[in-house]
Amino acid sequence: MNSDGTTEPRRTPQDMAGGTPVVPPPPAAPPAPREPSDEVELPPLKRWLRTPRPEVRPGVWRAGHVRKPPEDPDQLNDRELHGGALLALLTGLLVWSLYQNGYLPPATWPLSWMNVGSWDSGTLRGTVVYGYELLLICLLCYLFGRLGNAPRLWRRWRPTLLNAWTGRADLERQDPRRTLRAAAALLGGWAVWRLSFRGLWTFWLEPFYGLVPDGWWEDGDTTAYVVAYNVYYLLYALVLVLVFGAVGGWLGVWRRFPPARLTGRSVVGGEREAAEFARLTEFTELRAAGAGAAAEQLLAEVAAGRMSDLDYVRIEHSWRAVRARPTELPAFQETVLRHGAGAFTHPSGDRDLPVRAAQHDLLTGQVRVGTAVDEERNAYDYRGVDIALDPAVLATSLLAVGPPGAGKTGRVVRPVVESLCLRALTGQAAVVAVGSAASGLGPDAAFDLVVRVGDPDSTHQLALYGGAADADEAAALLAEALLGGTQAETREAAAVLVQLISPYHAAYGRLPGVPELRAMLDGAPALLATLREDLALAGAHDQQRELDSRERAAARPEDPGQRLADRLAVLDRAGFSAGPAAPAFSMAGLVHPLRVRIDLPAAGHAEAGRIITRLLLAQFTTAALGRPDRSLFAALVLDDATAALTQGTVRGLSQLRGAHAGAVLALRTLDDVPAELRAGLLGAVGCRMAFAGITTWDAEHFARVWGTAWTEDQDVTRTPERSGGLVRKAVRGVRKLFTGRETTLDAVTVRRVERERWSASELAHRVPPRHAVLSTTSAAGEPGPPVLVRLG
């Protein structure tokens with residue numbers, strides 16, 4: 001059974017692309033996920049699975065994310081908050097001390113009204129007085145707690161205290177009614193304890209005196225008396241705890257907040273999280289479906305440390321395919337029992353990449369690219385959190401603009417390619433990475449196919465037509481790549497090409513290569529005469545008329561045929577066709593979990609590289625939209641998309657989201673895009689990234705697309721202070737004499753205004769080195785604000 005749930009014979013990536021097999025490198029031992037060391041008794045994989053991954057906004061790293069409390073628009077700084085709390089505490093203690101020493105007669109008026117001092121029962125009198133003092137304490141705590149901002153202080157310290165106690169700072173909050181009930185029971189239990197042990201209540205000792213012999217308690221120094229007395233006290237305290245614990249529901253509260261450092265286990269808040277953790281680590285779904293033996297085998301692999309995070313995600317993906325087709329369950333269980341953690345491996349046999357240069361969370365498919373700067377320009381939810389990219393946001397395509405050396409390749413493009421290659425190894429993605437040989441998109445062993453354009457020793461070459469089904473589609477793709485002009489120019493060039501490609505296909509059953517097509521555009525008499533003869537033998541007389549039309553059109557001065565021939569000559573000189581024996585790779589192979597890297601020609605063939613980039617982007621958008629099976633996430637990564645954008649490809653980029661595909665485009669500047677396409681390009685992609693060092697005119701486009709937001713604007717007016725008497729004026733005069741500054745009064749006017757989220761000047765001049773401003777949008781349409789990110 002294959003990773004997609006089928007039982008067909010497994011094919012290699014070279015078979016998928018139509019090429020000869022290449023011996024893959026031996027699989028390297030996958031690195032164990034690194035986690036905190038406080039859960040030493042758990043296997044590394046289980047510790048990784050226990051990491052909380054809450055639902056977050058687009059672009060936020062989910063693994064271990066801690067939700068922030070709601071934003072407080074009037075947030076106090078640390079000095080105000082803690083100083084105010086300390087002042088309220090000291091004032092409350094002072095008021096209580098005054099009451100205790102009799103300096104607050106009004107506080108005892110309720111007791112005087114009830115005439116408590118004349119009551120005969122001392123026990124009742126003491127109980128009422130103690131209860132009144134307890135209520136007074138609660139009232140003082142409430143009043144001075146509000147004055148000292150105790151709720152804000154708790155919200156400020158809650159994550160730190162919970163993290164220190166339980167190992168997690170994002171525990172689910174208690175139900176307020178449950179919290180009030182537990183607190184009331186705790187207060188009542190404490191009151192009963194104090195009344196019992198302050199000598200006010202003695203009825204609870206009567207059973208003890210009735211059971212103990214007279215000789216014991218009359219002489220309180222005997223060992224028997226001391227032991228019996230303390231055991232009775234302990235039993236009474238235990239009864240109080242059980243009664244008030246049952247009334248207040250303390251057990252439920254304790255289960256939600258267990259001390260993790262005492263148990264050695266991380267906390268799972270709530271039954272829902274516990275069930276999810278059991279599903280992930282105990283394979284409960286497999287047991288419920290009847291695959292108990294497979295579940296035991298996988299548990300043994302986890303316990304022995306032989307299963308990596310990639311193995312787990314790959315098997316989980318295969319299990320999801322089985323859930324869709326339950327008839328494949330026996331084959332699934334048999335494969336797991338035979339191969340263990342190595343079941344359902346990628347056709348290449350690799351179980352991991354040779355090296356991971358970035359931080360990945362394969363359970364969510366995210367790759368970390370940086371950390372949002374904790375400053376006011378960033379949205380509150382994003383301040384200080386890790387930023388990540390995943391297929392959910394890459395499905396809207398990513399445009400990264402920045403000068404050379406800004407970090408586009410090393411800090412964004414390379415991690416994204418690495419993440420998509422890992423996802424391909426789990427059977428969930430197909431990726432094509434395009435760049436120069438010096439781009440450093442990853443080692444050769446990290447890819448199934450490495451196509452080196454212009455290298456005679458390359459094992460594969462590029463398909464000129466990208467697996468096009470007919471001559472018209474092939475001509476349209478090639479025309480867009482060769483000219484890259486307006487729609488009118490592209491349609492005219494496609495009409496020229498189809499007049500040659502269609503007859504050639506009718507005569508020989510295949511599409512012409514670069515040399516043949518170039519020769520026909522140049523009007524090679526021998527080749528065209530041979531083609532006419534072969535068409536006559538094939539009975540394709542209608543195609544002969546196409547050649548006649550081409551011959552007449554070639555005589556016009558404005559015919560684009562010569563321009564097309566010149567562009568094909570550029571490809572031919574760059575060695576586009578590595579050799580007749582090299583199999584061709586086409587974008588039609590994106591229906592399989594392929595990892596492909598395409599190295600563009602050397603620097604001397606820059607124009608050929610731009611044509612190839614345009615050709616690949618046009619082929620990718622066409623192939624991704626025409627896929628019958630869109631279960632795999634298809635991605636094209638262009639390390640340098642200079643001159644790659646045309647009207648057709650921009651239109652195709654906006655449609656990739658619905659086809660479960662996306663493109664990553666890196667540009668040095670938006671000047672590499674035709675002026676009439678820049679606005680459409682920024683609107684077609686959902687993720688936009690502006691790196692440090694972009695020009696002001698590039699920044700203007702990003703500022704417009706990110707729009708405006710409402711903010712508070714403060715105007716401060718300072719006027720000299722003239723009020724007060726002689727003493728105040730004298731003090732102000734002395735201060736001005738020594739400081740040279742006149743005392744002023746500040747009048748602050750606050751108003752709400754609509755301003756740009758990031759202005760062009762800020763983007764061009766206030767983004768530090770190794771930083772970028774990133775906005776993301778999920779495939780579901782949820783947008784994220786532009787965030788200043790520290791890369792790496």
# chains A, B, ... in the order shown; residues from 1 in each chain; ligands from 1
call {"tool": "residues_around", "arguments": {"residues": "A:Ala183", "least_positions_apart": "2", "cutoff": "12 Å", "atoms": "only C-alpha atoms", "output": "NGL selection string"}}
result
:A and (138 or 176-181 or 185-190 or 244-245 or 247-250 or 253)
call {"tool": "write_last_selection", "arguments": {"atoms": "C-alpha atoms", "output": "tab-separated table (two decimals), in the first residue's frame"}}
result
chain	number	residue	atom	x	y	z
A	138	CYS	CA	-13.11	40.62	52.77
A	176	PRO	CA	-15.97	32.11	36.90
A	177	ARG	CA	-18.78	30.34	38.77
A	178	ARG	CA	-16.51	27.43	39.59
A	179	THR	CA	-13.80	29.81	40.78
A	180	LEU	CA	-16.25	31.72	43.01
A	181	ARG	CA	-17.59	28.50	44.48
A	185	ALA	CA	-15.64	27.17	50.22
A	186	LEU	CA	-12.00	27.94	51.00
A	187	LEU	CA	-12.98	31.04	52.96
A	188	GLY	CA	-15.68	29.13	54.86
A	189	GLY	CA	-13.30	26.30	55.68
A	190	TRP	CA	-10.70	28.73	56.96
A	244	PHE	CA	-15.45	21.95	52.13
A	245	GLY	CA	-13.52	20.41	49.25
A	247	VAL	CA	-18.77	21.74	48.53
A	248	GLY	CA	-16.28	23.93	46.63
A	249	GLY	CA	-15.32	21.42	43.90
A	250	TRP	CA	-11.62	21.62	44.76
A	253	VAL	CA	-9.82	22.79	40.15
call {"tool": "residues_around", "arguments": {"residues": "stretch 439-443 of chain A", "least_positions_apart": "4", "cutoff": "10 Å", "atoms": "only C-alpha atoms", "output": "MDAnalysis selection string"}}
result
chainID A and resid 353:357 409:410 413:418 421 433:435 447 450 597:599 637 639:640
call {"tool": "write_last_selection", "arguments": {"atoms": "N, CA and C atoms", "output": "PDB file, in the first residue's frame"}}
result
ATOM      1  N   LEU A 353      15.585  14.981   5.319  1.00  0.00           N
ATOM      2  CA  LEU A 353      16.536  15.719   4.501  1.00  0.00           C
ATOM      3  C   LEU A 353      17.945  15.550   5.067  1.00  0.00           C
ATOM      4  N   PRO A 354      18.966  15.726   4.235  1.00  0.00           N
ATOM      5  CA  PRO A 354      20.338  15.603   4.766  1.00  0.00           C
ATOM      6  C   PRO A 354      20.622  16.602   5.872  1.00  0.00           C
ATOM      7  N   VAL A 355      20.014  17.782   5.813  1.00  0.00           N
ATOM      8  CA  VAL A 355      20.240  18.802   6.833  1.00  0.00           C
ATOM      9  C   VAL A 355      18.997  19.668   6.917  1.00  0.00           C
ATOM     10  N   ARG A 356      18.700  20.135   8.133  1.00  0.00           N
ATOM     11  CA  ARG A 356      17.612  21.100   8.337  1.00  0.00           C
ATOM     12  C   ARG A 356      18.249  22.408   8.809  1.00  0.00           C
ATOM     13  N   ALA A 357      18.150  23.403   7.967  1.00  0.00           N
ATOM     14  CA  ALA A 357      18.748  24.688   8.301  1.00  0.00           C
ATOM     15  C   ALA A 357      17.792  25.616   9.030  1.00  0.00           C
ATOM     16  N   THR A 409      17.002  35.114   0.117  1.00  0.00           N
ATOM     17  CA  THR A 409      17.272  33.699  -0.160  1.00  0.00           C
ATOM     18  C   THR A 409      17.550  32.918   1.114  1.00  0.00           C
ATOM     19  N   GLY A 410      18.511  33.391   1.905  1.00  0.00           N
ATOM     20  CA  GLY A 410      18.944  32.616   3.064  1.00  0.00           C
ATOM     21  C   GLY A 410      17.948  32.559   4.193  1.00  0.00           C
ATOM     22  N   VAL A 413      13.554  32.222   1.383  1.00  0.00           N
ATOM     23  CA  VAL A 413      13.373  31.284   0.279  1.00  0.00           C
ATOM     24  C   VAL A 413      13.903  29.905   0.652  1.00  0.00           C
ATOM     25  N   ARG A 414      15.121  29.831   1.175  1.00  0.00           N
ATOM     26  CA  ARG A 414      15.691  28.528   1.547  1.00  0.00           C
ATOM     27  C   ARG A 414      14.857  27.826   2.613  1.00  0.00           C
ATOM     28  N   PRO A 415      14.456  28.471   3.720  1.00  0.00           N
ATOM     29  CA  PRO A 415      13.592  27.762   4.673  1.00  0.00           C
ATOM     30  C   PRO A 415      12.270  27.290   4.078  1.00  0.00           C
ATOM     31  N   VAL A 416      11.663  28.088   3.181  1.00  0.00           N
ATOM     32  CA  VAL A 416      10.404  27.667   2.572  1.00  0.00           C
ATOM     33  C   VAL A 416      10.617  26.442   1.690  1.00  0.00           C
ATOM     34  N   VAL A 417      11.688  26.437   0.891  1.00  0.00           N
ATOM     35  CA  VAL A 417      11.983  25.272   0.055  1.00  0.00           C
ATOM     36  C   VAL A 417      12.223  24.047   0.923  1.00  0.00           C
ATOM     37  N   GLU A 418      12.963  24.220   1.998  1.00  0.00           N
ATOM     38  CA  GLU A 418      13.230  23.103   2.909  1.00  0.00           C
ATOM     39  C   GLU A 418      11.942  22.565   3.520  1.00  0.00           C
ATOM     40  N   CYS A 421      10.042  20.616   0.897  1.00  0.00           N
ATOM     41  CA  CYS A 421      10.673  19.313   0.651  1.00  0.00           C
ATOM     42  C   CYS A 421      10.326  18.318   1.755  1.00  0.00           C
ATOM     43  N   ALA A 433      11.833  24.283  -7.195  1.00  0.00           N
ATOM     44  CA  ALA A 433      12.630  25.436  -6.775  1.00  0.00           C
ATOM     45  C   ALA A 433      13.544  25.837  -7.924  1.00  0.00           C
ATOM     46  N   VAL A 434      13.504  27.103  -8.287  1.00  0.00           N
ATOM     47  CA  VAL A 434      14.242  27.606  -9.441  1.00  0.00           C
ATOM     48  C   VAL A 434      15.194  28.694  -8.970  1.00  0.00           C
ATOM     49  N   GLY A 435      16.463  28.573  -9.357  1.00  0.00           N
ATOM     50  CA  GLY A 435      17.459  29.577  -9.007  1.00  0.00           C
ATOM     51  C   GLY A 435      18.752  29.292  -9.725  1.00  0.00           C
ATOM     52  N   PHE A 447      16.792  16.714  -3.061  1.00  0.00           N
ATOM     53  CA  PHE A 447      15.833  16.762  -4.163  1.00  0.00           C
ATOM     54  C   PHE A 447      15.819  15.433  -4.903  1.00  0.00           C
ATOM     55  N   VAL A 450      17.369  17.093 -10.116  1.00  0.00           N
ATOM     56  CA  VAL A 450      18.128  18.335 -10.229  1.00  0.00           C
ATOM     57  C   VAL A 450      18.367  18.572 -11.711  1.00  0.00           C
ATOM     58  N   ARG A 597      14.715  20.682  -8.230  1.00  0.00           N
ATOM     59  CA  ARG A 597      15.486  21.922  -8.247  1.00  0.00           C
ATOM     60  C   ARG A 597      15.993  22.165  -9.662  1.00  0.00           C
ATOM     61  N   ILE A 598      15.755  23.363 -10.150  1.00  0.00           N
ATOM     62  CA  ILE A 598      16.167  23.733 -11.505  1.00  0.00           C
ATOM     63  C   ILE A 598      17.221  24.820 -11.391  1.00  0.00           C
ATOM     64  N   ASP A 599      18.417  24.529 -11.891  1.00  0.00           N
ATOM     65  CA  ASP A 599      19.515  25.502 -11.904  1.00  0.00           C
ATOM     66  C   ASP A 599      19.526  26.194 -13.256  1.00  0.00           C
ATOM     67  N   VAL A 637       8.890  27.945  -6.486  1.00  0.00           N
ATOM     68  CA  VAL A 637       9.693  28.930  -5.771  1.00  0.00           C
ATOM     69  C   VAL A 637      10.703  29.508  -6.755  1.00  0.00           C
ATOM     70  N   ASP A 639      13.711  32.030  -6.973  1.00  0.00           N
ATOM     71  CA  ASP A 639      14.641  32.825  -6.179  1.00  0.00           C
ATOM     72  C   ASP A 639      14.879  34.190  -6.812  1.00  0.00           C
ATOM     73  N   ASP A 640      14.703  34.300  -8.119  1.00  0.00           N
ATOM     74  CA  ASP A 640      14.837  35.574  -8.817  1.00  0.00           C
ATOM     75  C   ASP A 640      13.775  35.613  -9.903  1.00  0.00           C
TER      76      ASP A 640
END
call {"tool": "residues_around", "arguments": {"residues": "A:Asp361", "least_positions_apart": "3", "cutoff": "10 Å", "atoms": "only C-alpha atoms", "output": "PyMOL selection string"}}
result
chain A and resi 33+48+61-63+309-310+364-368+388+390+419
call {"tool": "atom_distance", "arguments": {"atom1": "atom CA of A:Gln562", "atom2": "atom CA of A:Glu492"}}
result
12.8 Å
call {"tool": "closest_residue", "arguments": {"among": "A:Thr649, A:Val129, A:Pro628, A:Leu638", "to": "A:Asn115", "atoms": "only C-alpha atoms"}}
result
A:Val129
call {"tool": "residues_around", "arguments": {"residues": "A:His771", "least_positions_apart": "4", "cutoff": "6 Å", "atoms": "only C-alpha atoms", "output": "PyMOL selection string"}}
result
chain A and resi 692+789-791
call {"tool": "write_last_selection", "arguments": {"atoms": "C-alpha atoms", "output": "tab-separated table (two decimals), in the first residue's frame"}}
result
chain	number	residue	atom	x	y	z
A	692	ALA	CA	15.16	46.49	4.56
A	789	VAL	CA	9.85	40.83	11.67
A	790	ARG	CA	13.40	40.20	12.80
A	791	LEU	CA	14.51	37.48	10.39
call {"tool": "select_by_dssp", "arguments": {"residues": "stretch 287-412 of chain A", "states": "strand (DSSP E)", "output": "VMD selection string"}}
result
chain A and resid 360 to 361 366 to 372 386 to 389 398 to 401
call {"tool": "atom_distance", "arguments": {"atom1": "atom CA of A:Leu564", "atom2": "atom CA of A:Ser654"}}
result
28.0 Å
call {"tool": "decode", "arguments": {"residues": "stretch 60-104 of chain A", "atoms": "N, CA and C atoms", "output": "PDB file, in the first residue's frame"}}
result
ATOM      1  N   VAL A  60       1.429  33.166  12.541  1.00  0.00           N
ATOM      2  CA  VAL A  60       1.955  33.015  13.898  1.00  0.00           C
ATOM      3  C   VAL A  60       2.411  31.568  14.094  1.00  0.00           C
ATOM      4  N   TRP A  61       3.589  31.392  14.652  1.00  0.00           N
ATOM      5  CA  TRP A  61       4.136  30.058  14.965  1.00  0.00           C
ATOM      6  C   TRP A  61       3.290  29.426  16.064  1.00  0.00           C
ATOM      7  N   ARG A  62       2.701  28.286  15.781  1.00  0.00           N
ATOM      8  CA  ARG A  62       1.720  27.696  16.686  1.00  0.00           C
ATOM      9  C   ARG A  62       2.344  26.857  17.795  1.00  0.00           C
ATOM     10  N   ALA A  63       3.454  26.188  17.546  1.00  0.00           N
ATOM     11  CA  ALA A  63       4.025  25.268  18.529  1.00  0.00           C
ATOM     12  C   ALA A  63       4.486  26.036  19.765  1.00  0.00           C
ATOM     13  N   GLY A  64       3.856  25.771  20.898  1.00  0.00           N
ATOM     14  CA  GLY A  64       4.216  26.429  22.143  1.00  0.00           C
ATOM     15  C   GLY A  64       3.750  27.865  22.252  1.00  0.00           C
ATOM     16  N   HIS A  65       2.854  28.285  21.372  1.00  0.00           N
ATOM     17  CA  HIS A  65       2.390  29.681  21.417  1.00  0.00           C
ATOM     18  C   HIS A  65       1.548  29.920  22.671  1.00  0.00           C
ATOM     19  N   VAL A  66       1.763  31.043  23.297  1.00  0.00           N
ATOM     20  CA  VAL A  66       1.022  31.439  24.498  1.00  0.00           C
ATOM     21  C   VAL A  66       0.115  32.606  24.126  1.00  0.00           C
ATOM     22  N   ARG A  67      -1.169  32.417  24.318  1.00  0.00           N
ATOM     23  CA  ARG A  67      -2.115  33.485  23.989  1.00  0.00           C
ATOM     24  C   ARG A  67      -1.918  34.671  24.927  1.00  0.00           C
ATOM     25  N   LYS A  68      -2.006  35.836  24.369  1.00  0.00           N
ATOM     26  CA  LYS A  68      -1.879  37.043  25.167  1.00  0.00           C
ATOM     27  C   LYS A  68      -3.215  37.409  25.794  1.00  0.00           C
ATOM     28  N   PRO A  69      -3.184  38.034  26.952  1.00  0.00           N
ATOM     29  CA  PRO A  69      -4.451  38.539  27.512  1.00  0.00           C
ATOM     30  C   PRO A  69      -4.985  39.662  26.635  1.00  0.00           C
ATOM     31  N   PRO A  70      -6.260  39.985  26.763  1.00  0.00           N
ATOM     32  CA  PRO A  70      -6.815  41.078  25.948  1.00  0.00           C
ATOM     33  C   PRO A  70      -6.033  42.367  26.143  1.00  0.00           C
ATOM     34  N   GLU A  71      -5.926  43.116  25.070  1.00  0.00           N
ATOM     35  CA  GLU A  71      -5.153  44.358  25.126  1.00  0.00           C
ATOM     36  C   GLU A  71      -5.843  45.368  26.021  1.00  0.00           C
ATOM     37  N   ASP A  72      -5.054  45.997  26.866  1.00  0.00           N
ATOM     38  CA  ASP A  72      -5.541  47.030  27.774  1.00  0.00           C
ATOM     39  C   ASP A  72      -5.115  48.380  27.228  1.00  0.00           C
ATOM     40  N   PRO A  73      -6.065  49.168  26.702  1.00  0.00           N
ATOM     41  CA  PRO A  73      -5.662  50.465  26.132  1.00  0.00           C
ATOM     42  C   PRO A  73      -5.068  51.410  27.164  1.00  0.00           C
ATOM     43  N   ASP A  74      -5.416  51.238  28.448  1.00  0.00           N
ATOM     44  CA  ASP A  74      -4.882  52.091  29.512  1.00  0.00           C
ATOM     45  C   ASP A  74      -3.859  51.343  30.348  1.00  0.00           C
ATOM     46  N   GLN A  75      -3.027  50.576  29.703  1.00  0.00           N
ATOM     47  CA  GLN A  75      -2.077  49.743  30.425  1.00  0.00           C
ATOM     48  C   GLN A  75      -1.083  50.605  31.205  1.00  0.00           C
ATOM     49  N   LEU A  76      -0.872  50.187  32.446  1.00  0.00           N
ATOM     50  CA  LEU A  76       0.072  50.892  33.306  1.00  0.00           C
ATOM     51  C   LEU A  76       1.458  50.292  33.148  1.00  0.00           C
ATOM     52  N   ASN A  77       2.474  51.124  33.323  1.00  0.00           N
ATOM     53  CA  ASN A  77       3.826  50.580  33.295  1.00  0.00           C
ATOM     54  C   ASN A  77       4.113  49.851  34.602  1.00  0.00           C
ATOM     55  N   ASP A  78       5.228  49.165  34.646  1.00  0.00           N
ATOM     56  CA  ASP A  78       5.537  48.325  35.807  1.00  0.00           C
ATOM     57  C   ASP A  78       5.622  49.146  37.093  1.00  0.00           C
ATOM     58  N   ARG A  79       6.200  50.323  37.002  1.00  0.00           N
ATOM     59  CA  ARG A  79       6.356  51.119  38.228  1.00  0.00           C
ATOM     60  C   ARG A  79       4.996  51.563  38.755  1.00  0.00           C
ATOM     61  N   GLU A  80       4.117  52.025  37.866  1.00  0.00           N
ATOM     62  CA  GLU A  80       2.793  52.452  38.314  1.00  0.00           C
ATOM     63  C   GLU A  80       2.004  51.283  38.884  1.00  0.00           C
ATOM     64  N   LEU A  81       2.053  50.145  38.177  1.00  0.00           N
ATOM     65  CA  LEU A  81       1.250  49.001  38.607  1.00  0.00           C
ATOM     66  C   LEU A  81       1.729  48.456  39.945  1.00  0.00           C
ATOM     67  N   HIS A  82       3.002  48.175  40.048  1.00  0.00           N
ATOM     68  CA  HIS A  82       3.501  47.567  41.275  1.00  0.00           C
ATOM     69  C   HIS A  82       3.560  48.580  42.432  1.00  0.00           C
ATOM     70  N   GLY A  83       3.897  49.822  42.122  1.00  0.00           N
ATOM     71  CA  GLY A  83       3.892  50.840  43.177  1.00  0.00           C
ATOM     72  C   GLY A  83       2.500  51.100  43.703  1.00  0.00           C
ATOM     73  N   GLY A  84       1.512  51.165  42.817  1.00  0.00           N
ATOM     74  CA  GLY A  84       0.136  51.358  43.272  1.00  0.00           C
ATOM     75  C   GLY A  84      -0.363  50.186  44.090  1.00  0.00           C
ATOM     76  N   ALA A  85       0.005  48.967  43.681  1.00  0.00           N
ATOM     77  CA  ALA A  85      -0.414  47.791  44.447  1.00  0.00           C
ATOM     78  C   ALA A  85       0.217  47.783  45.840  1.00  0.00           C
ATOM     79  N   LEU A  86       1.502  48.136  45.924  1.00  0.00           N
ATOM     80  CA  LEU A  86       2.163  48.177  47.229  1.00  0.00           C
ATOM     81  C   LEU A  86       1.547  49.247  48.127  1.00  0.00           C
ATOM     82  N   LEU A  87       1.232  50.407  47.551  1.00  0.00           N
ATOM     83  CA  LEU A  87       0.611  51.475  48.347  1.00  0.00           C
ATOM     84  C   LEU A  87      -0.761  51.047  48.853  1.00  0.00           C
ATOM     85  N   ALA A  88      -1.556  50.384  48.015  1.00  0.00           N
ATOM     86  CA  ALA A  88      -2.873  49.917  48.442  1.00  0.00           C
ATOM     87  C   ALA A  88      -2.740  48.866  49.542  1.00  0.00           C
ATOM     88  N   LEU A  89      -1.749  47.982  49.427  1.00  0.00           N
ATOM     89  CA  LEU A  89      -1.540  46.965  50.462  1.00  0.00           C
ATOM     90  C   LEU A  89      -1.179  47.602  51.798  1.00  0.00           C
ATOM     91  N   LEU A  90      -0.263  48.529  51.776  1.00  0.00           N
ATOM     92  CA  LEU A  90       0.144  49.179  53.032  1.00  0.00           C
ATOM     93  C   LEU A  90      -1.010  49.969  53.635  1.00  0.00           C
ATOM     94  N   THR A  91      -1.816  50.618  52.786  1.00  0.00           N
ATOM     95  CA  THR A  91      -2.958  51.372  53.302  1.00  0.00           C
ATOM     96  C   THR A  91      -3.993  50.435  53.908  1.00  0.00           C
ATOM     97  N   GLY A  92      -4.240  49.316  53.277  1.00  0.00           N
ATOM     98  CA  GLY A  92      -5.180  48.347  53.833  1.00  0.00           C
ATOM     99  C   GLY A  92      -4.723  47.797  55.166  1.00  0.00           C
ATOM    100  N   LEU A  93      -3.428  47.482  55.274  1.00  0.00           N
ATOM    101  CA  LEU A  93      -2.903  47.012  56.559  1.00  0.00           C
ATOM    102  C   LEU A  93      -3.012  48.091  57.636  1.00  0.00           C
ATOM    103  N   LEU A  94      -2.808  49.343  57.242  1.00  0.00           N
ATOM    104  CA  LEU A  94      -2.935  50.429  58.206  1.00  0.00           C
ATOM    105  C   LEU A  94      -4.371  50.552  58.716  1.00  0.00           C
ATOM    106  N   VAL A  95      -5.333  50.451  57.811  1.00  0.00           N
ATOM    107  CA  VAL A  95      -6.743  50.538  58.220  1.00  0.00           C
ATOM    108  C   VAL A  95      -7.095  49.385  59.145  1.00  0.00           C
ATOM    109  N   TRP A  96      -6.616  48.182  58.819  1.00  0.00           N
ATOM    110  CA  TRP A  96      -6.907  47.039  59.704  1.00  0.00           C
ATOM    111  C   TRP A  96      -6.244  47.206  61.063  1.00  0.00           C
ATOM    112  N   SER A  97      -5.046  47.729  61.086  1.00  0.00           N
ATOM    113  CA  SER A  97      -4.377  47.959  62.371  1.00  0.00           C
ATOM    114  C   SER A  97      -5.125  48.999  63.202  1.00  0.00           C
ATOM    115  N   LEU A  98      -5.623  50.054  62.549  1.00  0.00           N
ATOM    116  CA  LEU A  98      -6.409  51.046  63.278  1.00  0.00           C
ATOM    117  C   LEU A  98      -7.665  50.425  63.859  1.00  0.00           C
ATOM    118  N   TYR A  99      -8.312  49.549  63.108  1.00  0.00           N
ATOM    119  CA  TYR A  99      -9.511  48.877  63.631  1.00  0.00           C
ATOM    120  C   TYR A  99      -9.161  48.000  64.821  1.00  0.00           C
ATOM    121  N   GLN A 100      -8.071  47.230  64.709  1.00  0.00           N
ATOM    122  CA  GLN A 100      -7.686  46.321  65.783  1.00  0.00           C
ATOM    123  C   GLN A 100      -7.364  47.063  67.081  1.00  0.00           C
ATOM    124  N   ASN A 101      -6.836  48.271  66.949  1.00  0.00           N
ATOM    125  CA  ASN A 101      -6.444  49.032  68.134  1.00  0.00           C
ATOM    126  C   ASN A 101      -7.526  50.002  68.592  1.00  0.00           C
ATOM    127  N   GLY A 102      -8.726  49.919  67.990  1.00  0.00           N
ATOM    128  CA  GLY A 102      -9.855  50.695  68.470  1.00  0.00           C
ATOM    129  C   GLY A 102      -9.881  52.135  68.014  1.00  0.00           C
ATOM    130  N   TYR A 103      -9.167  52.488  66.945  1.00  0.00           N
ATOM    131  CA  TYR A 103      -9.156  53.861  66.470  1.00  0.00           C
ATOM    132  C   TYR A 103     -10.196  54.133  65.376  1.00  0.00           C
ATOM    133  N   LEU A 104     -11.049  53.139  65.075  1.00  0.00           N
ATOM    134  CA  LEU A 104     -12.114  53.311  64.086  1.00  0.00           C
ATOM    135  C   LEU A 104     -13.450  52.927  64.723  1.00  0.00           C
TER     136      LEU A 104
END
